[in-house]
$ cat input_34.cif   # mmCIF, C-alpha atoms
data_input
#
loop_
_atom_site.label_atom_id
_atom_site.label_comp_id
_atom_site.auth_asym_id
_atom_site.auth_seq_id
_atom_site.Cartn_x
_atom_site.Cartn_y
_atom_site.Cartn_z
CA MET A 43 9.94 -27.11 20.21
CA SER A 44 12.20 -26.07 17.33
CA ASP A 45 11.46 -25.81 13.61
CA THR A 46 13.73 -25.25 10.62
CA CYS A 47 12.93 -23.51 7.36
CA ASP A 48 14.55 -21.52 4.59
CA ILE A 49 12.63 -18.32 5.28
CA LEU A 50 10.78 -17.14 8.39
CA ILE A 51 8.37 -14.31 7.53
CA SER A 52 7.39 -12.14 10.49
CA GLY A 53 4.06 -10.55 9.54
CA GLY A 54 1.01 -11.91 7.75
CA GLY A 55 -0.38 -8.76 6.19
CA ILE A 56 -0.81 -8.50 2.44
CA ALA A 57 2.92 -8.03 1.83
CA GLY A 58 3.94 -10.91 4.09
CA LEU A 59 1.36 -13.32 2.64
CA THR A 60 2.38 -12.39 -0.91
CA ALA A 61 6.04 -12.96 -0.01
CA ALA A 62 5.16 -16.39 1.42
CA ALA A 63 3.43 -17.34 -1.85
CA ALA A 64 6.25 -15.98 -4.04
CA PHE A 65 9.10 -17.69 -2.18
CA ALA A 66 7.15 -20.95 -1.91
CA HIS A 67 6.53 -20.84 -5.66
CA ALA A 68 10.30 -20.42 -6.11
CA GLY A 69 10.87 -23.64 -4.15
CA PHE A 70 11.81 -22.34 -0.70
CA ASP A 71 10.35 -23.70 2.56
CA VAL A 72 8.53 -20.88 4.34
CA ILE A 73 7.04 -20.30 7.78
CA CYS A 74 4.87 -17.17 8.09
CA VAL A 75 3.58 -15.93 11.44
CA ASP A 76 1.36 -13.05 12.50
CA PRO A 77 -0.03 -12.27 15.97
CA ALA A 78 -3.46 -11.30 14.58
CA PRO A 79 -5.52 -13.84 12.62
CA PRO A 80 -6.51 -12.29 9.26
CA VAL A 81 -10.00 -10.79 9.01
CA THR A 82 -11.31 -11.94 5.63
CA GLU A 83 -14.92 -10.72 5.52
CA ARG A 84 -15.92 -7.21 4.42
CA ASP A 85 -18.30 -6.39 7.27
CA ALA A 86 -16.57 -8.26 10.08
CA GLN A 87 -15.20 -6.28 13.01
CA GLY A 88 -11.58 -5.41 12.40
CA SER A 89 -11.70 -5.83 8.63
CA ASP A 90 -9.39 -3.57 6.63
CA LEU A 91 -11.64 -1.42 4.44
CA ARG A 92 -8.77 0.23 2.64
CA THR A 93 -8.07 -0.82 -0.91
CA THR A 94 -4.88 -1.41 -2.83
CA ALA A 95 -4.16 -0.65 -6.46
CA ILE A 96 -1.90 -3.42 -7.71
CA LEU A 97 0.15 -1.65 -10.39
CA GLN A 98 1.45 -3.42 -13.50
CA PRO A 99 4.77 -4.74 -12.07
CA GLY A 100 2.97 -6.04 -8.96
CA GLN A 101 0.30 -7.74 -11.07
CA ALA A 102 3.02 -9.48 -13.09
CA LEU A 103 4.64 -10.74 -9.88
CA MET A 104 1.32 -12.04 -8.55
CA ALA A 105 0.56 -13.74 -11.87
CA ARG A 106 3.97 -15.39 -11.83
CA CYS A 107 3.40 -17.03 -8.45
CA GLY A 108 -0.15 -18.20 -9.17
CA LEU A 109 -2.05 -15.53 -7.24
CA TRP A 110 -3.60 -13.43 -9.97
CA ASP A 111 -6.05 -16.09 -11.18
CA ARG A 112 -7.72 -15.86 -7.77
CA LEU A 113 -7.93 -12.06 -7.90
CA ALA A 114 -8.61 -11.05 -11.49
CA ASP A 115 -12.41 -11.40 -11.42
CA GLU A 116 -12.67 -9.19 -8.31
CA ALA A 117 -10.33 -6.45 -9.52
CA ALA A 118 -11.44 -3.08 -10.88
CA PRO A 119 -9.06 -1.83 -13.62
CA LEU A 120 -7.63 1.68 -13.34
CA GLN A 121 -7.51 3.22 -16.80
CA ILE A 122 -7.30 6.89 -15.79
CA MET A 123 -5.75 8.67 -12.83
CA ARG A 124 -7.59 11.99 -12.46
CA ILE A 125 -6.07 14.80 -10.39
CA VAL A 126 -8.46 17.58 -9.38
CA ASP A 127 -7.46 20.81 -7.70
CA ALA A 128 -10.38 22.27 -5.76
CA GLY A 129 -8.34 24.75 -3.76
CA GLY A 130 -10.26 27.88 -4.69
CA GLU A 131 -12.55 29.87 -2.45
CA GLN A 132 -15.40 27.39 -3.08
CA PRO A 133 -15.17 23.56 -2.97
CA GLU A 134 -15.43 23.04 -6.70
CA PRO A 135 -13.03 21.79 -9.40
CA ARG A 136 -10.85 24.49 -10.95
CA VAL A 137 -8.13 22.31 -12.49
CA VAL A 138 -8.82 18.75 -13.74
CA ARG A 139 -6.06 16.71 -15.35
CA ASP A 140 -6.31 13.11 -16.57
CA PHE A 141 -3.32 10.76 -16.73
CA ARG A 142 -4.28 7.96 -19.13
CA ALA A 143 -2.77 4.49 -19.07
CA ALA A 144 -3.23 4.28 -22.84
CA ASP A 145 -0.57 6.99 -23.25
CA ILE A 146 2.16 4.63 -22.01
CA SER A 147 0.77 1.08 -22.12
CA ASP A 148 -1.84 -1.25 -23.58
CA GLN A 149 -2.79 -2.27 -20.03
CA PRO A 150 -4.47 -0.35 -17.18
CA PHE A 151 -2.23 1.42 -14.67
CA GLY A 152 -3.32 -1.20 -12.20
CA TRP A 153 -6.20 -3.09 -10.66
CA ASN A 154 -7.93 -2.09 -7.44
CA LEU A 155 -8.85 -4.64 -4.77
CA PRO A 156 -10.19 -4.36 -1.21
CA ASN A 157 -7.59 -5.28 1.39
CA TRP A 158 -9.91 -7.69 3.24
CA LEU A 159 -10.49 -9.57 -0.03
CA LEU A 160 -6.76 -9.70 -0.79
CA ARG A 161 -6.18 -11.30 2.60
CA ARG A 162 -8.96 -13.83 2.03
CA GLU A 163 -7.58 -14.97 -1.31
CA LEU A 164 -3.96 -14.95 -0.17
CA VAL A 165 -4.74 -17.14 2.84
CA ALA A 166 -6.75 -19.52 0.64
CA HIS A 167 -3.86 -19.74 -1.84
CA LEU A 168 -1.27 -20.46 0.87
CA ALA A 169 -3.43 -23.36 2.07
CA THR A 170 -2.79 -25.08 -1.28
CA LEU A 171 1.03 -24.85 -0.96
CA SER A 172 2.79 -27.72 0.78
CA ASN A 173 5.96 -25.73 1.51
CA VAL A 174 4.23 -22.88 3.40
CA ASP A 175 3.35 -23.13 7.07
CA PHE A 176 1.11 -20.14 7.92
CA ARG A 177 0.60 -19.68 11.66
CA PRO A 178 -1.94 -16.94 12.42
CA GLY A 179 -2.32 -15.88 16.02
CA MET A 180 1.41 -16.17 16.66
CA GLY A 181 4.06 -13.47 16.66
CA THR A 182 7.84 -13.15 16.78
CA THR A 183 9.45 -12.17 20.07
CA THR A 184 13.24 -12.61 19.86
CA LEU A 185 15.95 -12.64 17.20
CA PHE A 186 19.42 -14.13 17.51
CA THR A 187 21.64 -14.22 14.43
CA ARG A 188 24.92 -15.78 13.40
CA THR A 189 26.68 -15.62 10.05
CA ALA A 190 25.10 -18.94 8.98
CA GLU A 191 21.57 -18.73 10.40
CA ALA A 192 18.98 -16.86 12.46
CA ARG A 193 17.02 -18.14 15.43
CA VAL A 194 13.64 -16.57 16.10
CA GLY A 195 11.56 -17.00 19.23
CA LEU A 196 7.78 -17.17 18.80
CA SER A 197 5.03 -16.07 21.17
CA ASP A 198 4.02 -19.68 21.90
CA GLY A 199 7.53 -20.48 23.15
CA ALA A 200 8.63 -22.26 19.97
CA ARG A 201 11.86 -21.41 18.16
CA VAL A 202 12.50 -21.35 14.44
CA THR A 203 15.88 -21.62 12.76
CA ALA A 204 15.98 -20.00 9.32
CA ARG A 205 18.51 -18.98 6.70
CA LEU A 206 16.65 -15.69 6.15
CA VAL A 207 14.24 -13.73 8.33
CA LEU A 208 11.95 -11.44 6.38
CA ALA A 209 10.50 -8.63 8.50
CA CYS A 210 7.05 -7.70 7.13
CA ASP A 211 5.77 -6.89 10.60
CA GLY A 212 4.73 -3.28 10.29
CA ARG A 213 5.89 0.19 11.17
CA ALA A 214 6.71 -0.91 14.76
CA SER A 215 8.49 -4.04 13.49
CA PRO A 216 9.69 -6.24 16.38
CA MET A 217 12.32 -7.88 14.15
CA ARG A 218 13.71 -4.49 13.06
CA GLU A 219 13.80 -3.38 16.69
CA ALA A 220 15.53 -6.62 17.73
CA ALA A 221 18.18 -6.02 15.06
CA GLY A 222 18.71 -2.43 16.27
CA ILE A 223 18.05 -0.79 12.88
CA PRO A 224 17.03 2.89 13.39
CA VAL A 225 14.16 4.57 11.55
CA HIS A 226 13.47 8.17 10.51
CA THR A 227 9.84 9.16 11.15
CA THR A 228 7.83 12.20 10.06
CA ARG A 229 4.44 12.94 11.65
CA TYR A 230 1.95 15.20 9.88
CA GLY A 231 -0.85 15.51 12.44
CA GLN A 232 -3.09 13.83 9.87
CA LYS A 233 -5.42 10.87 9.88
CA ALA A 234 -7.10 9.06 7.00
CA LEU A 235 -10.67 7.83 6.97
CA ALA A 236 -11.15 4.72 4.83
CA PHE A 237 -14.56 3.42 3.79
CA ALA A 238 -16.68 2.45 0.79
CA ALA A 239 -19.32 4.66 -0.81
CA THR A 240 -21.91 4.32 -3.54
CA HIS A 241 -22.84 7.05 -6.02
CA PRO A 242 -25.23 7.50 -8.96
CA THR A 243 -22.59 8.47 -11.53
CA PRO A 244 -20.42 5.54 -12.76
CA HIS A 245 -16.70 5.89 -12.08
CA ASP A 246 -15.78 4.49 -15.54
CA ASN A 247 -12.60 2.97 -14.05
CA VAL A 248 -11.25 6.41 -13.17
CA SER A 249 -9.34 6.92 -9.93
CA THR A 250 -9.98 10.50 -8.77
CA GLU A 251 -7.75 12.39 -6.31
CA ILE A 252 -9.19 15.73 -5.18
CA HIS A 253 -6.93 18.29 -3.51
CA ARG A 254 -8.24 21.15 -1.39
CA SER A 255 -6.60 21.28 2.06
CA GLY A 256 -5.83 18.85 4.86
CA GLY A 257 -4.84 16.12 2.42
CA PRO A 258 -6.27 14.43 -0.68
CA PHE A 259 -9.77 12.98 -0.98
CA THR A 260 -9.41 9.92 -3.21
CA LEU A 261 -12.09 7.78 -4.85
CA VAL A 262 -10.83 4.50 -6.29
CA PRO A 263 -13.04 2.25 -8.46
CA LEU A 264 -14.68 -0.82 -6.96
CA PRO A 265 -17.12 -3.26 -8.56
CA ASP A 266 -20.79 -2.28 -8.18
CA TYR A 267 -22.22 -2.75 -4.68
CA LYS A 268 -25.88 -3.78 -4.36
CA GLY A 269 -26.59 -2.57 -7.87
CA SER A 270 -24.95 0.86 -7.54
CA PRO A 271 -21.57 2.18 -8.73
CA SER A 272 -19.13 2.03 -5.84
CA SER A 273 -15.74 3.47 -4.90
CA ALA A 274 -13.30 3.03 -2.08
CA VAL A 275 -12.64 6.38 -0.41
CA VAL A 276 -9.56 7.55 1.45
CA TRP A 277 -10.18 10.95 3.03
CA MET A 278 -7.11 12.54 4.60
CA GLU A 279 -7.55 15.41 7.04
CA ARG A 280 -5.82 17.00 9.98
CA GLY A 281 -6.36 14.86 13.06
CA PRO A 282 -9.12 16.82 14.87
CA ARG A 283 -11.19 17.20 11.70
CA ALA A 284 -10.78 13.49 10.90
CA MET A 285 -12.06 12.49 14.32
CA GLU A 286 -14.98 14.92 13.97
CA LEU A 287 -15.88 13.23 10.67
CA MET A 288 -15.51 9.81 12.25
CA GLN A 289 -18.14 10.67 14.86
CA MET A 290 -20.67 12.34 12.54
CA GLU A 291 -24.16 10.96 12.10
CA GLU A 292 -24.42 9.17 8.77
CA GLU A 293 -26.67 11.73 7.06
CA ALA A 294 -24.35 14.60 7.96
CA PHE A 295 -21.33 12.54 6.93
CA ASN A 296 -22.86 11.79 3.52
CA ALA A 297 -23.41 15.52 2.99
CA ALA A 298 -19.86 16.36 4.10
CA MET A 299 -18.21 13.84 1.83
CA THR A 300 -20.39 14.82 -1.13
CA GLU A 301 -19.25 18.43 -0.68
CA ARG A 302 -15.59 17.35 -0.28
CA SER A 303 -15.87 15.29 -3.47
CA CYS A 304 -17.10 18.41 -5.31
CA GLY A 305 -20.15 16.37 -6.31
CA LEU A 306 -18.18 14.79 -9.16
CA TYR A 307 -20.01 11.46 -8.84
CA GLY A 308 -23.28 12.88 -7.53
CA PRO A 309 -24.42 12.41 -3.92
CA LEU A 310 -22.18 9.94 -2.05
CA THR A 311 -23.71 7.39 0.33
CA LEU A 312 -21.69 5.56 2.97
CA ALA A 313 -21.68 1.83 2.13
CA SER A 314 -19.53 0.42 4.93
CA ARG A 315 -18.36 1.29 8.40
CA ARG A 316 -15.71 3.99 8.74
CA THR A 317 -12.14 3.23 9.80
CA VAL A 318 -9.41 5.71 10.69
CA TRP A 319 -5.63 5.41 10.28
CA PRO A 320 -2.74 7.64 11.43
CA ILE A 321 -0.59 9.15 8.65
CA ILE A 322 3.20 9.16 8.91
CA SER A 323 6.26 8.80 6.72
CA GLN A 324 8.94 6.42 7.90
CA ARG A 325 12.14 5.01 6.47
CA ALA A 326 14.56 2.50 7.94
CA GLU A 327 18.21 3.51 7.95
CA ARG A 328 19.12 0.18 6.36
CA MET A 329 17.06 -2.39 4.45
CA ALA A 330 18.87 -5.35 6.00
CA GLY A 331 20.87 -6.69 8.92
CA GLU A 332 22.57 -9.99 9.62
CA ARG A 333 20.30 -12.74 8.20
CA LEU A 334 17.45 -10.20 8.18
CA ALA A 335 15.74 -8.30 5.35
CA LEU A 336 13.26 -5.50 5.98
CA MET A 337 10.30 -5.22 3.65
CA ALA A 338 7.03 -3.31 3.41
CA GLU A 339 6.14 -1.11 6.40
CA ALA A 340 9.03 -2.49 8.43
CA ALA A 341 11.24 -0.70 5.87
CA HIS A 342 9.11 2.24 4.70
CA VAL A 343 5.77 3.91 5.37
CA VAL A 344 4.23 6.58 3.14
CA PRO A 345 0.93 8.49 3.08
CA PRO A 346 -1.68 6.89 0.77
CA ILE A 347 -0.93 8.96 -2.33
CA GLY A 348 -0.37 7.60 -5.83
CA ALA A 349 -0.87 3.92 -4.91
CA GLN A 350 2.75 3.64 -3.77
CA GLY A 351 2.51 1.82 -0.43
CA LEU A 352 2.04 -1.87 -1.28
CA ASN A 353 3.64 -1.42 -4.69
CA MET A 354 6.87 -0.28 -3.02
CA SER A 355 6.60 -3.42 -0.89
CA LEU A 356 6.19 -5.58 -3.98
CA GLY A 357 9.28 -3.84 -5.38
CA ASP A 358 11.15 -5.03 -2.28
CA LEU A 359 9.85 -8.54 -2.86
CA ARG A 360 10.88 -8.60 -6.53
CA ALA A 361 14.42 -7.55 -5.61
CA LEU A 362 14.71 -10.19 -2.88
CA LEU A 363 13.23 -12.90 -5.07
CA GLU A 364 15.60 -12.17 -7.95
CA LEU A 365 18.60 -12.33 -5.63
CA ALA A 366 17.40 -15.55 -3.98
CA GLU A 367 16.74 -17.27 -7.30
CA ALA A 368 20.08 -16.15 -8.75
CA ARG A 369 22.03 -17.64 -5.81
CA PRO A 370 19.78 -20.01 -3.84
CA GLU A 371 22.82 -21.37 -2.01
CA GLY A 372 23.48 -17.83 -0.72
CA LEU A 373 19.98 -17.22 0.64
CA GLY A 374 20.23 -14.77 3.52
CA ASP A 375 24.03 -14.38 3.44
CA ALA A 376 25.87 -11.06 3.70
CA GLN A 377 26.41 -10.80 -0.06
CA MET A 378 22.70 -11.18 -0.83
CA LEU A 379 21.55 -8.76 1.85
CA GLU A 380 24.07 -6.07 0.93
CA ALA A 381 22.94 -6.36 -2.69
CA TYR A 382 19.33 -6.03 -1.55
CA HIS A 383 20.09 -2.89 0.47
CA LYS A 384 21.88 -1.31 -2.50
CA ALA A 385 19.07 -2.27 -4.89
CA ARG A 386 16.28 -0.77 -2.81
CA HIS A 387 17.48 1.85 -0.34
CA SER A 388 18.08 4.72 -2.76
CA GLU A 389 14.80 4.18 -4.60
CA VAL A 390 12.87 3.94 -1.33
CA THR A 391 14.47 7.18 -0.12
CA VAL A 392 13.49 8.99 -3.32
CA ARG A 393 9.88 7.74 -3.20
CA VAL A 394 9.41 8.51 0.50
CA THR A 395 10.77 12.01 -0.07
CA GLY A 396 8.61 12.59 -3.15
CA ILE A 397 5.41 11.43 -1.47
CA ASP A 398 6.23 13.56 1.57
CA MET A 399 6.39 16.62 -0.73
CA LEU A 400 3.10 15.72 -2.44
CA ASN A 401 1.37 15.27 0.91
CA ARG A 402 2.61 18.60 2.24
CA ALA A 403 1.40 20.29 -0.95
CA SER A 404 -2.03 18.68 -0.56
CA MET A 405 -2.29 19.85 3.06
CA MET A 406 -1.82 23.52 2.17
CA GLY A 407 -4.45 25.79 3.69
CA ALA A 408 -3.30 29.27 2.72
CA GLN A 409 -4.95 30.45 -0.52
CA PRO A 410 -1.76 31.73 -2.23
CA LEU A 411 -0.09 28.34 -1.68
CA ARG A 412 -3.13 26.49 -3.01
CA ASP A 413 -3.06 28.71 -6.08
CA LEU A 414 0.62 27.87 -6.56
CA ARG A 415 -0.19 24.15 -6.29
CA ALA A 416 -2.84 24.45 -9.02
CA ALA A 417 -0.43 26.31 -11.30
CA GLY A 418 2.22 23.64 -10.74
CA LEU A 419 -0.18 20.83 -11.66
CA SER A 420 -1.14 22.59 -14.90
CA ALA A 421 2.49 23.26 -15.80
CA LEU A 422 3.61 19.67 -15.27
CA TYR A 423 0.66 18.25 -17.16
CA SER A 424 1.20 20.52 -20.17
CA MET A 425 4.66 19.02 -20.84
CA ALA A 426 3.91 15.65 -22.49
CA PRO A 427 7.39 14.10 -21.96
CA VAL A 428 7.33 15.07 -18.28
CA ARG A 429 3.78 13.73 -17.92
CA LYS A 430 4.75 10.36 -19.42
CA THR A 431 7.88 10.14 -17.28
CA LEU A 432 5.87 10.82 -14.13
CA MET A 433 3.40 8.07 -15.06
CA GLN A 434 6.20 5.57 -15.70
CA MET A 435 7.88 6.49 -12.42
CA GLY A 436 4.60 6.07 -10.59
CA LEU A 437 4.19 2.59 -12.01
CA GLY A 438 7.72 1.65 -10.98
CA VAL A 439 8.45 0.49 -14.53
CA ARG A 440 12.16 -0.06 -15.05
#
$ encode --input "input_34.cif" --output "structure tokens"
Amino acid sequence: MSDTCDILISGGGIAGLTAAAAFAHAGFDVICVDPAPPVTERDAQGSDLRTTAILQPGQALMARCGLWDRLADEAAPLQIMRIVDAGGEQPEPRVVRDFRAADISDQPFGWNLPNWLLRRELVAHLATLSNVDFRPGMGTTTLFTRTAEARVGLSDGARVTARLVLACDGRASPMREAAGIPVHTTRYGQKALAFAATHPTPHDNVSTEIHRSGGPFTLVPLPDYKGSPSSAVVWMERGPRAMELMQMEEEAFNAAMTERSCGLYGPLTLASRRTVWPIISQRAERMAGERLALMAEAAHVVPPIGAQGLNMSLGDLRALLELAEARPEGLGDAQMLEAYHKARHSEVTVRVTGIDMLNRASMMGAQPLRDLRAAGLSALYSMAPVRKTLMQMGLGVR
């Protein structure tokens, strides 16, 4: 069996599903495949309990392709990004700095949404689009390219002929591997716990990132859960400590995370199951090959700091979409893909490097280094032009 389309998307995570919606909205015929059917319920086994802050440029892209209307009512706005250094002898705040969206914009920095909910709404939206064929439970296995087209083998034995293959298939991307594009990987010996918590003190739409050692402890606003203020938590630690936390009895875990949060929101109570994720940085040597574009974690992986992960992926998508719409007759040709590589590779390299430095700083255990980190935060914050520039860079505003 053989199918033909404009774009074959390998990977049905949030980035791949968003790409399918965006390219379909632009008039292209899309097939999207993923070997794992999406889990779209919060408490179902295998659900992704991480959250994503959709920053302003990403929100504009989602609004443009008809997605945001489905998401807006579920999204928690992020008005303030609060950085807390708690690297002193005791686990308590010693430097607190607020980065306010109002200083640079009349909109929030972004809007936070649970990943399982994003998948649910994305899948529902794709079902309304006649030019998207979403095939969950099916993966890509082979890639053969010529100058005019690509042929992709699927796990059910079918073949798809496409003008462009978009690899959104993760850090171990089979399409990237098939194209022979090398990657540079950094391992930190860290893991991240992701879960939801409730707390008595309202978050007031503040995202709080607390630095001590081992990695940041981040609370990101969620809508109230069962009548209590709620936040999504990402707790990064060195691997052995993360696994110890993963196995703790719930009462002990609540006490440990309340202490790690410096009690800023009062006692924290676990409000979901715990999930654990390995932390790496990774960057592909090139963003494209013949008839193939790399996007999202197939192209770059970063630690969960500063809401950069999916928003870098949406930056990839914006660049590809602009090139495709400017020259639809050249979709997937060498000119388009070279332009895409030039548009994205340098920026991706800078962001991966910057987040790597921030993560290493957050991991610091030695007291003199933690003191230096606190002094650096205060110095950067005190310079208003630098502070505003950092906020604009974080948003990805051009």
$ resolve_selection --input "input_34.cif" --expression "the PyMOL selection byres ((chain A and resi 118) around 8)" --output "list in words"
Glu116, Ala117, Pro119, Leu120, Trp153, Asn154, Leu155, Asn247, Pro263, Leu264 and Pro265 of chain A
$ write_last_selection --input "input_34.cif" --atoms "C-alpha atoms" --output "JSON list (two decimals), in the frame of the given file"
[["chain", "number", "residue", "atom", "x", "y", "z"],
["A", 116, "GLU", "CA", -12.67, -9.19, -8.31],
["A", 117, "ALA", "CA", -10.33, -6.45, -9.52],
["A", 119, "PRO", "CA", -9.06, -1.83, -13.62],
["A", 120, "LEU", "CA", -7.63, 1.68, -13.34],
["A", 153, "TRP", "CA", -6.20, -3.09, -10.66],
["A", 154, "ASN", "CA", -7.93, -2.09, -7.44],
["A", 155, "LEU", "CA", -8.85, -4.64, -4.77],
["A", 247, "ASN", "CA", -12.60, 2.97, -14.05],
["A", 263, "PRO", "CA", -13.04, 2.25, -8.46],
["A", 264, "LEU", "CA", -14.68, -0.82, -6.96],
["A", 265, "PRO", "CA", -17.12, -3.26, -8.56]]
$ closest_residue --input "input_34.cif" --among "A:Ala204, A:Leu103, A:Ala220, A:Val262" --to "Ala192 in chain A" --atoms "all atoms listed in the file"
A:Ala204
$ resolve_selection --input "input_34.cif" --expression "the PyMOL selection byres ((chain A and resi 122) around 6)" --output "list in words"
Leu120, Gln121, Met123, Phe141, Arg142 and Val248 of chain A
$ atom_distance --input "input_34.cif" --atom1 "CA of Asp127 in chain A" --atom2 "CA of Gly305 in chain A"
13.5 Å
$ residues_around --input "input_34.cif" --residues "Arg229 in chain A" --least-positions-apart "4" --cutoff "12 Å" --atoms "all atoms listed in the file" --output "number ranges by chain"
A: 233, 280-281, 320-324, 343-345, 398, 401-402
$ closest_residue --input "input_34.cif" --among "A:Arg205, A:Arg177, A:Arg136, A:Arg393" --to "Ala376 in chain A" --atoms "all atoms listed in the file"
A:Arg205
$ atom_distance --input "input_34.cif" --atom1 "CA of Val72 in chain A" --atom2 "CA of Val202 in chain A"
10.9 Å
$ closest_residue --input "input_34.cif" --among "A:Asp71, A:Glu279, A:Asp90, A:Asp45" --to "Pro370 in chain A" --atoms "only C-alpha atoms"
A:Asp71
$ resolve_selection --input "input_34.cif" --expression "the PyMOL selection byres ((chain A and resi 382) around 9)" --output "PyMOL selection string"
chain A and resi 329-330+335+358+361-362+365+377-381+383-387
$ atom_distance --input "input_34.cif" --atom1 "CA of Ala284 in chain A" --atom2 "CA of Thr317 in chain A"
10.4 Å
$ closest_residue --input "input_34.cif" --among "A:Ala64, A:Leu310, A:Ile223, A:Val390" --to "Gly108 in chain A" --atoms "all atoms listed in the file"
A:Ala64
$ closest_residue --input "input_34.cif" --among "A:Pro133, A:Val392, A:Phe259, A:Gly53" --to "Val207 in chain A" --atoms "only C-alpha atoms"
A:Gly53
$ residues_around --input "input_34.cif" --residues "Glu293 in chain A" --least-positions-apart "5" --cutoff "9 Å" --atoms "all atoms listed in the file" --output "CSV table (one decimal) with C-alpha atoms, in the frame of the given file"
chain,number,residue,atom,x,y,z
A,298,ALA,CA,-19.9,16.4,4.1
A,311,THR,CA,-23.7,7.4,0.3
A,312,LEU,CA,-21.7,5.6,3.0
$ closest_residue --input "input_34.cif" --among "A:Val137, A:Leu196, A:Ile56, A:Met180" --to "Thr93 in chain A" --atoms "all atoms listed in the file"
A:Ile56
$ residues_around --input "input_34.cif" --residues "range 285-287 of chain A" --least-positions-apart "3" --cutoff "10 Å" --atoms "only C-alpha atoms" --output "compact mmCIF listing (two decimals) with C-alpha atoms, in the coordinates of the input"
# COMPACT_ATOMS: atom_id res chain seq x y z
CA LYS A 233 -5.42 10.87 9.88
CA ALA A 234 -7.10 9.06 7.00
CA LEU A 235 -10.67 7.83 6.97
CA TRP A 277 -10.18 10.95 3.03
CA GLU A 279 -7.55 15.41 7.04
CA ARG A 280 -5.82 17.00 9.98
CA GLY A 281 -6.36 14.86 13.06
CA PRO A 282 -9.12 16.82 14.87
CA MET A 290 -20.67 12.34 12.54
CA GLU A 291 -24.16 10.96 12.10
CA GLU A 292 -24.42 9.17 8.77
CA ALA A 294 -24.35 14.60 7.96
CA PHE A 295 -21.33 12.54 6.93
CA ALA A 298 -19.86 16.36 4.10
CA MET A 299 -18.21 13.84 1.83
CA ARG A 316 -15.71 3.99 8.74
CA VAL A 318 -9.41 5.71 10.69
$ residues_around --input "input_34.cif" --residues "range 169-171 of chain A" --least-positions-apart "2" --cutoff "12 Å" --atoms "all atoms listed in the file" --output "ChimeraX atom specification"
/A:59,62-74,107-109,162-167,173-177
$ residues_near_point --input "input_34.cif" --point "(11.3, -3.5, 17.1)" --cutoff "12 Å" --atoms "all atoms listed in the file" --output "list in words"
Ser52, Thr182, Thr183, Thr184, Leu185, Ala209, Cys210, Asp211, Gly212, Arg213, Ala214, Ser215, Pro216, Met217, Arg218, Glu219, Ala220, Ala221, Gly222, Ile223, Pro224, Val225, Ala326, Leu336, Ala340 and Ala341 of chain A
$ residues_around --input "input_34.cif" --residues "Arg139 in chain A" --least-positions-apart "3" --cutoff "7 Å" --atoms "all atoms listed in the file" --output "list in words"
Arg124, Ile125 and Val126 of chain A
